[in-house]
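One structure is given below, encoded as structure tokens.
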Amino acid sequence: MGLTEDRIKAFEAKREKLMTQGGDAAIKKQHDSGKLTARERLLKLYDAGTFQEVQLFVEKRSTLFGLGDKQINADAVVCGFGNVNGRTVFAAAQDFTSAGGSLGEMHAKKIWKVMDMAKDAKKPFIALNDSGGARIQEGVPALEGYGGIFYRNTICSGYIPQITAIMGPTAGGAVYSPALTDWVFMIKGKSYMYITGPDVIKAVIGEEVTHDDLGGPMAHASKSGVCHFIAESDEDCIQQIQTLLGYLPENCHEMPPVVPSTDKPDRECPELDKIIPDRATRGYDMKKVVAAVADGGVFFEPHANWAKNMFVCFIRVMGQTVGVIANNPQFGGGVLDVNASDKASRFIRFCDAFNIPLLTFADVPGYMPGTHQEWNGIISHGAKLLHAYSEATVPKFTVVTRKDYGGAYIGMCSKQLGADYVMAWPSAEIAVMGAAGACNIVYRREITTAADPEAKRAELIAAYEEQFNNPYFAAKMGIIEEVIAPRETRKRVVALLEAYKDKEQTLPEKKHNNIPL
């Protein structure tokens, strides 16, 4: 046997050893907890046979606190690239079976490397996080590792799509990288994330809370808004990531993929003619409106459990990705508040960064009043929505389905915020405020001096509604482009997407905007 053959044999043995992760016992423990290993996750994520590993042979350098005698295969993170649905994607998967997936100096540098590769190749990056946190034995170099990841997350923001799946514990500084990425997935009963855990909270401020209540998937999906998607299992999480990637371009310089569509461009939606309730105070499900317009009735919804008065989702229209922003009257009348404004603004900015046209459905009574909203910054949070729509240069289309009042009318992508085309259903009410409130101000003297104030108020409200609480006053002034039958909505959207497919808009040259954060 020649020297080369000997070395190849030694190489293959070494490679095989490194790929055993934390060993059989640790892998069994991972499986017993209902979790896949890092390598199993990557094999499910990537198309068969396409994953190419990067820096398998990297080792820790620290020998402090007994680390010199400890073997950590691949330094507890598996990095590489391959194809997902035929398109190149880069990823880093932390290996909890090896030293708890702890992040040390070289572990972090492997992640830096694959993130740099993703940026240079202009391809999406996915982080599969399952880690006990910083490797305390390595000290400050571990913290430096996090800093380098945060920096790269920021530099890649708006340049390539970045997705994080929290597939186990994530605590302390490790939580900031997910928050800097575009989309965060969590898994029921398996993942949590928080700055400080329950034990520290109890010791410092005396508050008792469970891991799940503090930082579990539903806590972050319904209360903080940090989590965008909840999965039932590792497999479900990976499938959802694959679905999301299918809606997105590879980078900011490309258009999203157009998939074959069996739907019809001239399909009418007769069900929409009957969806608006007879009484203005009754709600209806805006998701049904969006589903009627979407190819095959399919939409993919982030933030389904947070700020439910605002509905955002991805749909396809004749195979083309479209981002939808819509008030949902089933929850709080579709009112704009702090969380709804943040939810919509973030989604708008993502879509604009990655060349995804925006379709807005407006049915909004206004901004939420009250001390709670004011003291939590509804002014600045509401201004984010104005900023996000105004700076967006992708095609922007708006459909007013019912009420569209005051500042909220402006905020839901009015023509003055740069909407390319605004349509309204005959049921639309575009006005400064509702008829009752307007008449109480405009006709205060007539009402209070009338022989029968209530009868006079009712008479004036009816007259105001006839004149202003309809789309025709706005259409007459050119404030909206046209009034359409609800059943025609999809046909109009199809035509507009085709008409504006080559839209170009250049904003004033500057370093960057100063959005009201």
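Residue numbering restarts at 1 in every chain; chains get A, B, ... in the order shown in the structure tokens, and ligands count up from 1 in that same order.
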
DSSP-assigned strand (DSSP E or B) members of region 87-184 of chain A, reported as an MDAnalysis selection string: chainID A and resid 87:94 103 125:129 134 162:166 169:171 183:184

Can you pull out the residues contacting Ala424 (chain A)? Cut-off 8 Å, using only C-alpha atoms, and skip same-chain residues under 6 positions away; I want them as a tab-separated table (two decimals) with N, CA and C atoms, in the first residue's frame.
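Writing the result to out-v6.tsv gives the following:
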chain	number	residue	atom	x	y	z
A	399	VAL	N	-56.27	48.27	-1.50
A	399	VAL	CA	-57.70	48.05	-1.66
A	399	VAL	C	-58.39	48.44	-0.36
A	400	VAL	N	-59.30	49.41	-0.42
A	400	VAL	CA	-60.07	49.82	0.75
A	400	VAL	C	-61.38	49.03	0.73
A	401	THR	N	-61.57	48.19	1.73
A	401	THR	CA	-62.75	47.34	1.73
A	401	THR	C	-63.93	47.95	2.48
A	471	PRO	N	-66.94	55.73	-1.16
A	471	PRO	CA	-65.67	55.95	-1.87
A	471	PRO	C	-65.75	57.01	-2.97
A	480	ILE	N	-58.38	58.38	-4.84
A	480	ILE	CA	-58.25	56.97	-5.18
A	480	ILE	C	-58.45	56.84	-6.69
A	482	GLU	N	-59.95	54.17	-8.51
A	482	GLU	CA	-61.23	53.68	-8.99
A	482	GLU	C	-61.99	52.92	-7.91
A	483	VAL	N	-63.27	52.77	-8.15
A	483	VAL	CA	-64.14	51.94	-7.34
A	483	VAL	C	-64.39	50.66	-8.13
A	484	ILE	N	-64.22	49.52	-7.47
A	484	ILE	CA	-64.38	48.24	-8.16
A	484	ILE	C	-65.36	47.35	-7.39

Region 306-374 of chain A: residues DSSP assigns to alpha helix (DSSP H), reported as an mmCIF file with C-alpha atoms, in the first residue's frame:
data_model
loop_
_atom_site.group_PDB
_atom_site.id
_atom_site.type_symbol
_atom_site.label_atom_id
_atom_site.label_comp_id
_atom_site.auth_asym_id
_atom_site.auth_seq_id
_atom_site.Cartn_x
_atom_site.Cartn_y
_atom_site.Cartn_z
ATOM 1 C CA VAL A 338 -48.177 49.802 18.883
ATOM 2 C CA ASN A 339 -47.753 46.111 18.071
ATOM 3 C CA ALA A 340 -49.763 46.177 14.843
ATOM 4 C CA SER A 341 -47.686 49.096 13.591
ATOM 5 C CA ASP A 342 -44.428 47.309 14.390
ATOM 6 C CA LYS A 343 -45.637 44.068 12.817
ATOM 7 C CA ALA A 344 -46.664 45.706 9.559
ATOM 8 C CA SER A 345 -43.638 48.012 9.357
ATOM 9 C CA ARG A 346 -41.134 45.206 9.714
ATOM 10 C CA PHE A 347 -42.910 43.106 7.109
ATOM 11 C CA ILE A 348 -43.097 46.014 4.656
ATOM 12 C CA ARG A 349 -39.392 46.751 4.994
ATOM 13 C CA PHE A 350 -38.496 43.095 4.445
ATOM 14 C CA CYS A 351 -40.625 42.877 1.309
ATOM 15 C CA ASP A 352 -39.210 46.114 -0.043
ATOM 16 C CA ALA A 353 -35.630 44.958 0.611
ATOM 17 C CA THR A 371 -52.966 56.178 28.090
ATOM 18 C CA HIS A 372 -51.508 52.687 27.638
ATOM 19 C CA GLN A 373 -50.924 53.257 23.941
ATOM 20 C CA GLU A 374 -49.703 56.839 24.348
#

Near-Met318 (chain A) list (9 Å; only C-alpha atoms; drop same-chain fewer than 6 positions) as a PyMOL selection string: chain A and resi 258-265+294-295+494

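Coordinates place CA of Gly148 (chain A) at a distance of 27.8 Å from CA of His211 (chain A).
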
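Residues with any atom within 10 Å of region 44-48 of chain A, counting only C-alpha atoms and excluding same-chain neighbours fewer than 5 positions away, are Leu36, Arg39, Phe81, Gly82, Asn83, Val84, Asn85, Gly86, Arg87, Thr88, Val89, Phe90, Ala91, Asp234, Glu235, Cys237, Ile238, Gln239, Ile241 and Gln242 of chain A.
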
Spatial neighbours of region 122-137 of chain A, max dist 7 Å, only C-alpha atoms, sep filter under 4 positions, as a ChimeraX atom specification: /A:64-65,88-96,100-104,115,118,142,160-171,174,250-251
